[in-house]
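Reading through the structure tokens given below for one structure.
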Amino acid sequence: MEFLVASAIGVMTAGGLYLVLRLRTFPVIMGMSLLTYAVNVFLFASGRLTIGAPPILMDAERYTDPLPQALVLTAIVISFGMTAVVVMIALGAYLGADDDHVDDPAPAKDGSEGAA
């Protein structure tokens with residue numbers, strides 16, 4: 001079970017990094033989402049992977065740590081807000097320039113700021 005979760009975290013992280021390094025806005029947004037999912041699964045797995053155990057320490061012999069579950073819940077809310085912000089920035093950049101490239105414009109050969 002641990003190998004499967006670790007492999008899933010690795011694949012999501014690798015895919016997220018690959019998409020973040022693309023030059024279009026939509027793959028960058030999808031890459032950030034994949035990285036967020038990988039971090040959420042990592043946080044959740046840090047509290048020991050126990051199946052069928054209660055998340056609260058009562059008089060049970062087996063229990064799971066409730067702190068990673070609270071951290072994942074908080075991370076989900078923060079990532080949703082950040083995704084909304086990034087989508088609005090990307091939409092504004094696309095509507096302002098009619099292009100969705102992430103890279104900076106190449107400098108002009110005459111030394112001015114950019115190509116007009």
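In the structure tokens, the first chain shown is A, the next is B, and so on; residue numbers restart at 1 for each chain, and ligands run from 1 in the order shown.
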
- Identify all residues of range 29-84 of chain A in helix (DSSP H, G or I) (DSSP on the backbone) and supply them as a ChimeraX atom specification. /A:29-45,66-84

- Task: Select, from A:Ala6, A:Ala108, A:Leu43, A:Val11, the residue with the minimum atom-to-atom distance to Ala70 in chain A, counting only C-alpha atoms.
- Result: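 Using only C-alpha atoms, the shortest distance to Ala70 in chain A belongs to A:Leu43.
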
- Message: Residues within 10 Å of Thr64 in chain A, please, as a VMD selection string. Count only C-alpha atoms; anything in the same chain fewer than 4 positions from it doesn't count.
- Response: chain A and resid 47 to 57 68 to 69

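Distance-wise, CA of Leu23 in chain A and CA of Ser79 in chain A end up 21.6 Å apart.
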
- Item | For Thr36 in chain A, the nearest of the candidates A:Ala90, A:Glu2, A:Arg62, A:Thr13, counting only C-alpha atoms | A:Thr13

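Picture a line from CA of Phe42 in chain A to CA of Gly16 in chain A; it runs 14.2 Å.
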
- Item | Surrounding residues of range 73-75 of chain A excluding itself and chain neighbours under 5 positions, 12 Å, only C-alpha atoms, as a list in words |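 Listing them by chain and then by number gives Ser33, Leu35, Thr36, Tyr37, Ala38, Val39, Asn40, Val41, Phe42, Leu43, Phe44, Pro66, Leu67, Pro68, Phe80, Gly81, Met82 and Thr83 of chain A.
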
- Message: Set the distance at 9 Å and use only C-alpha atoms: which residues neighbour Phe26 in chain A once local chain neighbours fewer than 6 positions away are removed? I'd like the list as a ChimeraX atom specification.
- Response: /A:19,87,90,100

Pull C-alpha atoms from the residues just selected and write them as a short mmCIF file (atom, residue, chain, number, x, y, z; two decimals), in the first residue's frame.
data_model
loop_
_atom_site.label_atom_id
_atom_site.label_comp_id
_atom_site.auth_asym_id
_atom_site.auth_seq_id
_atom_site.Cartn_x
_atom_site.Cartn_y
_atom_site.Cartn_z
CA LEU A 19 3.30 20.80 -17.00
CA VAL A 87 -6.94 31.40 -13.66
CA ALA A 90 -4.05 33.96 -16.97
CA ASP A 100 -1.28 32.63 -23.78
#

- Task: Give the answer as one residue: which of A:Met1, A:Ala14, A:Ala45, A:Ala84 has the shortest atom-to-atom distance to Gly31 in chain A, using only C-alpha atoms?
- Result: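 Closest to Gly31 in chain A of all the choices is A:Ala14.
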
- Query: For Leu71 in chain A, which residue among A:Asp110, A:His101, A:Ser46, A:Gly15 is the nearest when counting only C-alpha atoms?
  - Reply: A:Ser46
